[in-house]
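Chemist: If you scroll down you'll find the structure; I have some questions about it.
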Amino acid sequence: MVSDAIPAPEALDAEHPVAHTDSEELIATGADAAMVDAAQARDEAALVAPLRLMAVHAHPDDESSKGAATLAKYAADGVGVVVVSCTGGERGDVLNKKLSIDSAEIPALRVREMARAAEILGVAHVWLGFHDTGYHEGPPESWDLPADSFGVIDPDLEIEALVRVVRRYRPHVMTTYDENGGYPHPDHIRCHVVSVGAFEAAGDPEAYPDAGEPWQPLKLYYNIGFTRSRIVAINEAVRARTGEGPYDEWIKRFADNQRPDNSTRITTQVTVDDYFHVRDAALRAHETQIDPDSVWFAVPRDLEAQVWATEDYELARSLVDTTLPEVDLFAGVRERVAQ
(Lines give C-alpha, C1' and ligand atoms only; values in the text may rest on other atoms or scores of the structure.)
Protein backbone atom coordinates (compact mmCIF):
# COMPACT_ATOMS: atom_id res chain seq x y z
CA MET A 1 0.00 0.00 0.00
CA VAL A 2 1.36 3.42 -0.96
CA SER A 3 1.12 5.91 1.89
CA ASP A 4 -0.48 9.34 1.38
CA ALA A 5 1.34 10.74 4.42
CA ILE A 6 4.01 13.35 3.76
CA PRO A 7 7.31 11.93 4.99
CA ALA A 8 9.75 14.26 6.73
CA PRO A 9 13.22 14.73 5.22
CA GLU A 10 15.67 12.15 6.49
CA ALA A 11 19.36 12.54 7.21
CA LEU A 12 21.37 10.24 4.95
CA ASP A 13 24.22 8.21 6.35
CA ALA A 14 27.82 8.91 5.45
CA GLU A 15 27.83 6.34 2.62
CA HIS A 16 25.25 8.33 0.66
CA PRO A 17 25.19 11.84 -0.75
CA VAL A 18 22.88 14.22 1.03
CA ALA A 19 20.09 15.77 -1.03
CA HIS A 20 19.46 19.42 -0.12
CA THR A 21 16.62 21.79 -0.82
CA ASP A 22 17.37 25.23 -2.21
CA SER A 23 16.74 26.84 1.17
CA GLU A 24 19.38 24.64 2.82
CA GLU A 25 21.94 25.38 0.12
CA LEU A 26 21.18 29.10 0.20
CA ILE A 27 21.75 29.22 3.96
CA ALA A 28 25.12 27.52 3.41
CA THR A 29 26.15 30.17 0.86
CA GLY A 30 25.04 33.11 3.01
CA ALA A 31 22.07 34.18 0.90
CA ASP A 32 19.64 36.75 2.25
CA ALA A 33 16.69 35.66 4.39
CA ALA A 34 14.04 36.64 1.85
CA MET A 35 15.49 34.30 -0.77
CA VAL A 36 15.73 31.47 1.77
CA ASP A 37 12.13 31.99 2.93
CA ALA A 38 10.83 32.06 -0.64
CA ALA A 39 12.59 28.80 -1.48
CA GLN A 40 11.22 27.12 1.64
CA ALA A 41 7.68 28.29 0.85
CA ARG A 42 7.86 26.80 -2.66
CA ASP A 43 9.12 23.55 -1.21
CA GLU A 44 6.27 23.32 1.29
CA ALA A 45 3.69 24.12 -1.39
CA ALA A 46 5.05 21.42 -3.71
CA LEU A 47 4.71 18.80 -0.99
CA VAL A 48 0.99 19.33 -0.40
CA ALA A 49 -0.35 20.14 -3.89
CA PRO A 50 -3.02 17.70 -5.13
CA LEU A 51 -1.15 17.09 -8.41
CA ARG A 52 2.65 16.87 -8.45
CA LEU A 53 5.31 16.94 -11.17
CA MET A 54 9.04 16.20 -10.83
CA ALA A 55 11.53 17.24 -13.51
CA VAL A 56 14.92 15.52 -13.17
CA HIS A 57 17.87 17.30 -14.78
CA ALA A 58 21.62 16.86 -14.88
CA HIS A 59 22.77 20.41 -14.02
CA PRO A 60 21.42 23.76 -12.90
CA ASP A 61 20.27 25.67 -16.03
CA ASP A 62 19.03 22.48 -17.77
CA GLU A 63 15.61 23.05 -16.20
CA SER A 64 15.44 26.48 -17.84
CA SER A 65 16.47 25.34 -21.33
CA LYS A 66 14.43 22.11 -21.45
CA GLY A 67 10.73 22.27 -20.63
CA ALA A 68 10.85 25.43 -18.51
CA ALA A 69 7.65 26.93 -19.89
CA THR A 70 5.86 23.67 -19.07
CA LEU A 71 7.05 23.85 -15.47
CA ALA A 72 5.92 27.47 -15.18
CA LYS A 73 2.51 26.70 -16.69
CA TYR A 74 1.79 23.81 -14.34
CA ALA A 75 3.09 25.70 -11.30
CA ALA A 76 0.81 28.62 -12.17
CA ASP A 77 -2.08 26.15 -12.43
CA GLY A 78 -1.48 24.96 -8.85
CA VAL A 79 0.50 21.82 -9.60
CA GLY A 80 3.28 21.07 -7.13
CA VAL A 81 6.40 21.23 -9.30
CA VAL A 82 9.84 20.23 -8.07
CA VAL A 83 13.05 20.28 -10.11
CA VAL A 84 15.86 17.92 -9.16
CA SER A 85 19.41 18.84 -10.21
CA CYS A 86 21.54 15.70 -10.05
CA THR A 87 24.79 17.72 -9.90
CA GLY A 88 25.82 21.21 -8.89
CA GLY A 89 27.41 22.11 -12.23
CA GLU A 90 30.73 22.61 -10.42
CA ARG A 91 32.86 21.72 -13.44
CA GLY A 92 31.01 24.05 -15.77
CA ASP A 93 32.84 26.97 -17.34
CA VAL A 94 31.65 30.57 -17.36
CA LEU A 95 30.00 30.64 -20.78
CA ASN A 96 28.89 34.27 -20.65
CA LYS A 97 31.85 36.14 -22.10
CA LYS A 98 30.52 39.39 -20.63
CA LEU A 99 31.39 38.16 -17.13
CA SER A 100 34.78 37.91 -15.49
CA ILE A 101 34.51 35.44 -12.61
CA ASP A 102 37.06 33.40 -10.71
CA SER A 103 36.39 29.66 -11.03
CA ALA A 104 36.34 29.33 -7.23
CA GLU A 105 33.18 31.45 -7.17
CA ILE A 106 31.22 29.24 -9.55
CA PRO A 107 29.66 26.73 -7.09
CA ALA A 108 28.08 29.40 -4.86
CA LEU A 109 27.04 31.49 -7.85
CA ARG A 110 25.27 28.55 -9.46
CA VAL A 111 23.35 27.88 -6.23
CA ARG A 112 22.01 31.43 -6.25
CA GLU A 113 21.34 31.42 -9.98
CA MET A 114 19.34 28.22 -9.60
CA ALA A 115 17.33 29.69 -6.72
CA ARG A 116 16.49 32.75 -8.82
CA ALA A 117 15.43 30.57 -11.75
CA ALA A 118 13.28 28.40 -9.47
CA GLU A 119 11.62 31.52 -8.06
CA ILE A 120 10.89 32.82 -11.57
CA LEU A 121 9.40 29.47 -12.61
CA GLY A 122 7.49 29.13 -9.33
CA VAL A 123 8.93 25.69 -8.54
CA ALA A 124 10.64 23.90 -5.67
CA HIS A 125 14.19 22.70 -6.20
CA VAL A 126 16.38 19.92 -4.79
CA TRP A 127 20.10 19.32 -5.24
CA LEU A 128 20.65 15.56 -5.40
CA GLY A 129 24.22 16.04 -4.18
CA PHE A 130 26.51 14.55 -6.85
CA HIS A 131 29.54 16.11 -8.53
CA ASP A 132 29.40 17.39 -12.09
CA THR A 133 31.27 15.20 -14.59
CA GLY A 134 32.03 18.06 -16.98
CA TYR A 135 31.50 18.20 -20.72
CA HIS A 136 33.61 15.87 -22.88
CA GLU A 137 34.12 15.99 -26.64
CA GLY A 138 34.35 12.99 -28.92
CA PRO A 139 32.84 9.50 -28.71
CA PRO A 140 31.95 8.16 -25.23
CA GLU A 141 34.65 5.49 -25.34
CA SER A 142 37.26 8.28 -25.48
CA TRP A 143 36.01 10.15 -22.40
CA ASP A 144 38.31 10.42 -19.39
CA LEU A 145 35.79 11.11 -16.62
CA PRO A 146 36.61 12.31 -13.08
CA ALA A 147 36.50 9.39 -10.67
CA ASP A 148 34.21 11.09 -8.12
CA SER A 149 31.63 12.32 -10.59
CA PHE A 150 27.99 11.57 -11.32
CA GLY A 151 28.75 9.88 -14.64
CA VAL A 152 31.19 7.42 -13.09
CA ILE A 153 30.17 6.27 -9.61
CA ASP A 154 27.85 3.36 -8.87
CA PRO A 155 24.44 4.20 -10.39
CA ASP A 156 22.73 2.20 -7.67
CA LEU A 157 23.78 4.85 -5.12
CA GLU A 158 22.41 7.55 -7.40
CA ILE A 159 19.13 5.72 -7.96
CA GLU A 160 18.68 5.27 -4.22
CA ALA A 161 19.29 8.98 -3.67
CA LEU A 162 16.63 9.90 -6.22
CA VAL A 163 14.22 7.29 -4.82
CA ARG A 164 14.45 9.09 -1.48
CA VAL A 165 13.48 12.36 -3.16
CA VAL A 166 10.65 10.73 -5.14
CA ARG A 167 9.25 9.15 -2.00
CA ARG A 168 9.35 12.47 -0.20
CA TYR A 169 7.68 14.62 -2.89
CA ARG A 170 5.42 11.85 -4.28
CA PRO A 171 5.17 13.06 -7.90
CA HIS A 172 2.43 11.70 -10.12
CA VAL A 173 4.45 12.55 -13.25
CA MET A 174 8.22 12.62 -13.85
CA THR A 175 10.20 14.06 -16.77
CA THR A 176 13.82 13.42 -17.74
CA TYR A 177 16.02 12.74 -20.80
CA ASP A 178 15.94 9.86 -23.28
CA GLU A 179 18.53 7.10 -23.48
CA ASN A 180 20.86 9.41 -25.43
CA GLY A 181 20.67 12.09 -22.77
CA GLY A 182 19.08 14.46 -25.28
CA TYR A 183 22.65 14.91 -26.48
CA PRO A 184 25.78 12.91 -25.57
CA HIS A 185 26.87 14.45 -22.28
CA PRO A 186 27.89 11.87 -19.64
CA ASP A 187 25.76 13.48 -16.92
CA HIS A 188 22.70 13.61 -19.19
CA ILE A 189 23.06 9.95 -20.13
CA ARG A 190 23.45 8.98 -16.47
CA CYS A 191 20.47 11.19 -15.57
CA HIS A 192 18.35 9.02 -17.87
CA VAL A 193 19.59 5.83 -16.20
CA VAL A 194 18.98 7.16 -12.71
CA SER A 195 15.56 8.66 -13.47
CA VAL A 196 14.23 5.49 -15.09
CA GLY A 197 15.69 3.40 -12.27
CA ALA A 198 14.04 5.58 -9.62
CA PHE A 199 10.68 5.59 -11.44
CA GLU A 200 10.69 1.81 -11.44
CA ALA A 201 11.99 1.36 -7.88
CA ALA A 202 10.22 4.07 -5.90
CA GLY A 203 6.94 2.15 -5.60
CA ASP A 204 8.54 -1.18 -4.76
CA PRO A 205 8.63 -1.74 -0.96
CA GLU A 206 11.47 -4.23 -1.40
CA ALA A 207 13.65 -1.73 -3.25
CA TYR A 208 15.69 0.55 -1.00
CA PRO A 209 13.53 -0.18 2.07
CA ASP A 210 15.34 2.48 4.14
CA ALA A 211 14.62 5.23 1.60
CA GLY A 212 11.12 6.16 2.79
CA GLU A 213 7.56 4.97 2.27
CA PRO A 214 6.99 3.59 -1.25
CA TRP A 215 5.44 5.90 -3.82
CA GLN A 216 4.77 4.97 -7.44
CA PRO A 217 4.74 7.78 -10.03
CA LEU A 218 2.17 7.15 -12.74
CA LYS A 219 3.84 8.55 -15.86
CA LEU A 220 7.40 9.13 -17.11
CA TYR A 221 8.22 11.44 -20.01
CA TYR A 222 11.36 12.25 -21.97
CA ASN A 223 11.98 15.87 -22.93
CA ILE A 224 12.00 16.33 -26.70
CA GLY A 225 13.85 19.58 -27.12
CA PHE A 226 14.94 21.45 -30.21
CA THR A 227 14.21 18.94 -32.95
CA ARG A 228 15.32 19.50 -36.51
CA SER A 229 11.70 20.09 -37.54
CA ARG A 230 11.21 22.75 -34.89
CA ILE A 231 14.49 24.53 -35.60
CA VAL A 232 13.89 24.65 -39.35
CA ALA A 233 10.28 25.84 -39.00
CA ILE A 234 11.21 28.67 -36.63
CA ASN A 235 14.32 29.61 -38.62
CA GLU A 236 12.40 29.94 -41.87
CA ALA A 237 9.65 32.00 -40.22
CA VAL A 238 12.23 34.43 -38.81
CA ARG A 239 13.98 34.63 -42.19
CA ALA A 240 10.68 35.45 -43.87
CA ARG A 241 10.16 38.34 -41.46
CA THR A 242 13.70 39.68 -41.02
CA GLY A 243 15.73 38.32 -43.93
CA GLU A 244 18.06 36.39 -41.58
CA GLY A 245 17.92 32.92 -40.07
CA PRO A 246 19.18 32.87 -36.46
CA TYR A 247 19.61 29.11 -36.48
CA ASP A 248 21.55 28.77 -39.77
CA GLU A 249 24.65 27.44 -38.01
CA TRP A 250 22.57 25.02 -35.96
CA ILE A 251 20.89 23.70 -39.12
CA LYS A 252 24.29 23.25 -40.77
CA ARG A 253 25.35 21.11 -37.81
CA PHE A 254 22.20 19.03 -38.29
CA ALA A 255 23.19 18.51 -41.92
CA ASP A 256 26.71 17.47 -40.92
CA ASN A 257 25.38 15.05 -38.27
CA GLN A 258 22.79 12.71 -39.71
CA ARG A 259 21.16 11.69 -36.43
CA PRO A 260 17.43 10.91 -36.68
CA ASP A 261 15.02 13.79 -36.14
CA ASN A 262 13.56 13.30 -32.66
CA SER A 263 10.27 14.90 -33.72
CA THR A 264 9.18 11.41 -34.77
CA ARG A 265 9.20 10.46 -31.06
CA ILE A 266 6.83 13.19 -29.91
CA THR A 267 3.68 11.84 -28.24
CA THR A 268 2.69 14.85 -26.15
CA GLN A 269 2.64 18.57 -26.93
CA VAL A 270 1.85 21.04 -24.15
CA THR A 271 0.84 24.52 -25.33
CA VAL A 272 2.99 26.97 -23.36
CA ASP A 273 3.40 30.13 -25.44
CA ASP A 274 1.95 32.25 -22.62
CA TYR A 275 5.00 31.23 -20.57
CA PHE A 276 7.80 31.79 -23.11
CA HIS A 277 8.71 35.04 -21.34
CA VAL A 278 8.96 33.18 -18.02
CA ARG A 279 11.20 30.54 -19.61
CA ASP A 280 13.47 33.25 -21.01
CA ALA A 281 13.69 35.05 -17.65
CA ALA A 282 14.59 31.81 -15.89
CA LEU A 283 17.29 31.08 -18.44
CA ARG A 284 18.75 34.58 -18.08
CA ALA A 285 18.93 34.00 -14.31
CA HIS A 286 21.75 31.53 -15.04
CA GLU A 287 23.95 34.44 -16.04
CA THR A 288 27.25 32.56 -15.80
CA GLN A 289 25.97 30.11 -18.41
CA ILE A 290 23.90 32.24 -20.79
CA ASP A 291 24.91 35.25 -22.89
CA PRO A 292 21.81 37.49 -22.88
CA ASP A 293 22.57 38.39 -26.52
CA SER A 294 22.90 34.78 -27.65
CA VAL A 295 20.88 32.92 -30.26
CA TRP A 296 18.65 31.60 -27.45
CA PHE A 297 16.88 34.96 -27.46
CA ALA A 298 17.07 35.79 -31.18
CA VAL A 299 13.54 34.67 -32.09
CA PRO A 300 10.60 37.09 -31.69
CA ARG A 301 8.33 35.39 -29.19
CA ASP A 302 5.13 36.28 -31.03
CA LEU A 303 6.54 34.52 -34.08
CA GLU A 304 7.63 31.49 -32.07
CA ALA A 305 4.10 31.28 -30.64
CA GLN A 306 2.65 31.24 -34.16
CA VAL A 307 5.05 28.61 -35.48
CA TRP A 308 5.63 26.28 -32.51
CA ALA A 309 3.66 27.12 -29.37
CA THR A 310 4.34 23.84 -27.57
CA GLU A 311 7.01 22.06 -25.57
CA ASP A 312 7.22 18.47 -26.63
CA TYR A 313 7.61 15.13 -24.87
CA GLU A 314 7.76 11.40 -25.42
CA LEU A 315 5.62 9.28 -23.11
CA ALA A 316 8.04 6.58 -21.98
CA ARG A 317 6.05 4.85 -19.21
CA SER A 318 2.40 5.06 -18.19
CA LEU A 319 0.50 3.23 -15.47
CA VAL A 320 -2.76 4.99 -16.38
CA ASP A 321 -4.92 4.84 -19.48
CA THR A 322 -4.29 7.62 -21.97
CA THR A 323 -4.83 8.32 -25.64
CA LEU A 324 -2.04 9.51 -27.93
CA PRO A 325 -1.32 12.16 -28.98
CA GLU A 326 -1.68 14.06 -25.71
CA VAL A 327 -1.82 17.75 -24.82
CA ASP A 328 -1.40 17.32 -21.05
CA LEU A 329 1.28 15.51 -19.03
CA PHE A 330 -1.46 14.67 -16.52
CA ALA A 331 -3.78 13.03 -19.07
CA GLY A 332 -5.21 9.97 -17.31
CA VAL A 333 -3.64 11.05 -14.02
CA ARG A 334 -6.21 13.71 -13.20
CA GLU A 335 -8.96 11.10 -13.39
CA ARG A 336 -7.03 8.64 -11.20
CA VAL A 337 -6.28 11.26 -8.53
CA ALA A 338 -9.89 12.49 -8.50
CA GLN A 339 -11.20 9.01 -7.64
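Just so we're on the same page: first chain in the C-alpha coordinates is A, next is B, and so on; residues restart at 1 for each chain, and ligands are numbered from 1 in the order they show up.
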At most 12 Å is the cut-off: for each residue in stretch 162-267 of chain A with any atom that close to an atom of stretch 61-85 of chain A, write down the nearest atom pair and the distance in Å rounded to one decimal, counting only C-alpha atoms, chain first then increasing number, as a tab-separated table.
Modeler:
```
residue	atom	partner	partner_atom	distance
A:Leu162	CA	A:Val84	CA	8.6
A:Val163	CA	A:Val84	CA	11.6
A:Arg164	CA	A:Val84	CA	11.8
A:Val165	CA	A:Val84	CA	8.5
A:Val166	CA	A:Val84	CA	9.7
A:Arg168	CA	A:Val82	CA	11.1
A:Tyr169	CA	A:Val82	CA	7.9
A:Arg170	CA	A:Gly80	CA	9.9
A:Pro171	CA	A:Gly80	CA	8.3
A:His172	CA	A:Gly80	CA	9.9
A:Val173	CA	A:Val81	CA	9.7
A:Met174	CA	A:Val82	CA	9.7
A:Thr175	CA	A:Gly67	CA	9.1
A:Thr176	CA	A:Lys66	CA	9.5
A:Tyr177	CA	A:Lys66	CA	9.5
A:Gly181	CA	A:Asp62	CA	11.6
A:Gly182	CA	A:Lys66	CA	9.7
A:Asp187	CA	A:Ser85	CA	10.7
A:His188	CA	A:Asp62	CA	9.7
A:Cys191	CA	A:Ser85	CA	9.4
A:Val194	CA	A:Val84	CA	11.8
A:Ser195	CA	A:Val84	CA	10.2
A:Tyr221	CA	A:Gly67	CA	11.1
A:Tyr222	CA	A:Gly67	CA	10.1
A:Asn223	CA	A:Lys66	CA	6.9
A:Ile224	CA	A:Lys66	CA	8.2
A:Gly225	CA	A:Lys66	CA	6.2
A:Phe226	CA	A:Lys66	CA	8.8
A:Thr227	CA	A:Lys66	CA	11.9
```
Chemist: Skipping near chain neighbours, those fewer than 6 positions away, what residues fall within 10 Å of A:Phe150 using only C-alpha atoms, listed as number ranges by chain?
Modeler: A: 58, 86-87, 129-134, 158, 186-188, 190-191
Chemist: Go through A:Gly122, A:Tyr183, A:Glu25, A:Pro217 and flag the residue nearest A:Ala45, using only C-alpha atoms for the distances.
Modeler: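 Counting only C-alpha atoms, the residue closest to A:Ala45 is A:Gly122.
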Chemist: Could you go through stretch 73-209 of chain A and tell me which residues DSSP, when run on the backbone, assigns to strand (DSSP E), listing them as a PyMOL selection string?
Modeler: chain A and resi 80-87+124-130+173-176
Chemist: From the set A:Val238, A:Ala49, A:Leu157, A:Ile27, which residue has the shortest atom-to-atom contact distance to A:Pro300, counting only C-alpha atoms?
Modeler: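 The shortest atom-to-atom distance to A:Pro300 comes from A:Val238.
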Chemist: Write out, as CSV, each residue of stretch 252-285 of chain A that has an atom at most 10 Å from stretch 108-115 of chain A, together with the closest pair of atoms and their distance in Å to one decimal, counting only C-alpha atoms, rows going by chain and rising number.
Modeler:
```
residue,atom,partner,partner_atom,distance
A:Ala282,CA,A:Met114,CA,8.7
A:Leu283,CA,A:Glu113,CA,9.4
A:Arg284,CA,A:Glu113,CA,9.1
A:Ala285,CA,A:Glu113,CA,5.6
```
Chemist: Any idea what's packed within 8 Å of stretch 336-338 of chain A, counting only C-alpha atoms, ignoring anything in its chain fewer than 6 positions away? Could you give it as a list of chain:residue names?
Modeler: A:Pro50, A:Leu51, A:Val320
Chemist: Generate a file of the selected residues that holds N, CA, C and O atoms, formatted as a PDB file, in the first residue's frame.
Modeler:
```pdb
ATOM      1  N   PRO A  50      -2.284  18.923  -4.778  1.00  0.00           N
ATOM      2  CA  PRO A  50      -3.021  17.703  -5.128  1.00  0.00           C
ATOM      3  C   PRO A  50      -2.455  16.967  -6.334  1.00  0.00           C
ATOM      4  O   PRO A  50      -2.572  15.747  -6.434  1.00  0.00           O
ATOM      5  N   LEU A  51      -1.855  17.694  -7.288  1.00  0.00           N
ATOM      6  CA  LEU A  51      -1.153  17.087  -8.411  1.00  0.00           C
ATOM      7  C   LEU A  51       0.305  17.510  -8.331  1.00  0.00           C
ATOM      8  O   LEU A  51       0.611  18.667  -8.036  1.00  0.00           O
ATOM      9  N   VAL A 320      -1.365   4.592 -16.256  1.00  0.00           N
ATOM     10  CA  VAL A 320      -2.760   4.990 -16.380  1.00  0.00           C
ATOM     11  C   VAL A 320      -3.150   4.937 -17.853  1.00  0.00           C
ATOM     12  O   VAL A 320      -2.288   4.990 -18.740  1.00  0.00           O
TER      13      VAL A 320
END
```
Chemist: Looking at only C-alpha atoms, which of A:Leu99, A:Ile153, A:Ala34, A:Val193 is the one that sits closest to A:Glu119?
Modeler: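 Counting only C-alpha atoms, the residue closest to A:Glu119 is A:Ala34.
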Chemist: A:Ile231, A:Ala211, A:Ala19, A:Ala237: which is nearest A:Phe254, counting only C-alpha atoms?
Modeler: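 Of the candidates, the smallest distance to A:Phe254 is held by A:Ile231.
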Chemist: Please determine, counting only C-alpha atoms, which residue among A:Thr271, A:Val56, A:Arg116, A:Glu287 has the shortest atom-to-atom distance to A:Ala198.
Modeler: A:Val56
Chemist: Between A:Asp274, A:Glu24, A:Glu236, A:Glu206, which has the minimum distance to A:Asp43 (counting only C-alpha atoms)?
Modeler: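 Answer, going by the shortest atom-to-atom distance: A:Glu24.
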Chemist: Name the residues of stretch 60-212 of chain A that fall into alpha helix (DSSP H) according to DSSP on the backbone, using the chain letters and numbers of this document, as a PyMOL selection string.
Modeler: chain A and resi 62-65+68-76+106-121+155-169+186-201
Chemist: What is the atom CA of A:Glu244 to atom CA of A:Trp296 distance in Å?
Modeler: 14.9 Å
Chemist: With a distance cut-off of 9 Å and only C-alpha atoms, select the neighbouring residues of A:Val295, excluding the residue or stretch itself and same-chain residues fewer than 3 positions from it, and output the selection as a list in words.
Modeler: Pro246, Tyr247, Asp291, Pro292, Ala298 and Val299 of chain A
Chemist: Write the selection just made, keeping N, CA, C and O atoms, as a PDB file, in the first residue's frame?
Modeler:
```
ATOM      1  N   PRO A 246      18.325  32.937 -37.645  1.00  0.00           N
ATOM      2  CA  PRO A 246      19.183  32.872 -36.462  1.00  0.00           C
ATOM      3  C   PRO A 246      19.772  31.492 -36.198  1.00  0.00           C
ATOM      4  O   PRO A 246      20.782  31.376 -35.497  1.00  0.00           O
ATOM      5  N   TYR A 247      19.158  30.472 -36.757  1.00  0.00           N
ATOM      6  CA  TYR A 247      19.608  29.109 -36.480  1.00  0.00           C
ATOM      7  C   TYR A 247      20.353  28.493 -37.660  1.00  0.00           C
ATOM      8  O   TYR A 247      20.492  27.259 -37.737  1.00  0.00           O
ATOM      9  N   ASP A 291      24.708  33.891 -22.377  1.00  0.00           N
ATOM     10  CA  ASP A 291      24.913  35.246 -22.890  1.00  0.00           C
ATOM     11  C   ASP A 291      23.540  35.817 -23.233  1.00  0.00           C
ATOM     12  O   ASP A 291      22.807  35.235 -24.049  1.00  0.00           O
ATOM     13  N   PRO A 292      23.149  36.938 -22.611  1.00  0.00           N
ATOM     14  CA  PRO A 292      21.810  37.486 -22.879  1.00  0.00           C
ATOM     15  C   PRO A 292      21.605  37.916 -24.328  1.00  0.00           C
ATOM     16  O   PRO A 292      20.469  38.128 -24.744  1.00  0.00           O
ATOM     17  N   ALA A 298      17.081  35.094 -29.887  1.00  0.00           N
ATOM     18  CA  ALA A 298      17.074  35.787 -31.180  1.00  0.00           C
ATOM     19  C   ALA A 298      15.734  35.695 -31.906  1.00  0.00           C
ATOM     20  O   ALA A 298      15.549  36.359 -32.930  1.00  0.00           O
ATOM     21  N   VAL A 299      14.816  34.893 -31.398  1.00  0.00           N
ATOM     22  CA  VAL A 299      13.542  34.674 -32.088  1.00  0.00           C
ATOM     23  C   VAL A 299      12.452  35.534 -31.466  1.00  0.00           C
ATOM     24  O   VAL A 299      12.239  35.466 -30.250  1.00  0.00           O
TER      25      VAL A 299
END
```
Chemist: Write out as a list of chain:residue names the residues lying within 12 Å of A:Val327, counting only C-alpha atoms and excluding same-chain residues fewer than 5 positions away.
Modeler: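 Counting only the stated atoms, we get A:Thr70, A:Ile266, A:Thr267, A:Thr268, A:Gln269, A:Val270, A:Thr271, A:Val272, A:Ala309, A:Thr310, A:Glu311, A:Asp312, A:Tyr313, A:Glu314, A:Leu315, A:Thr322, A:Gly332.
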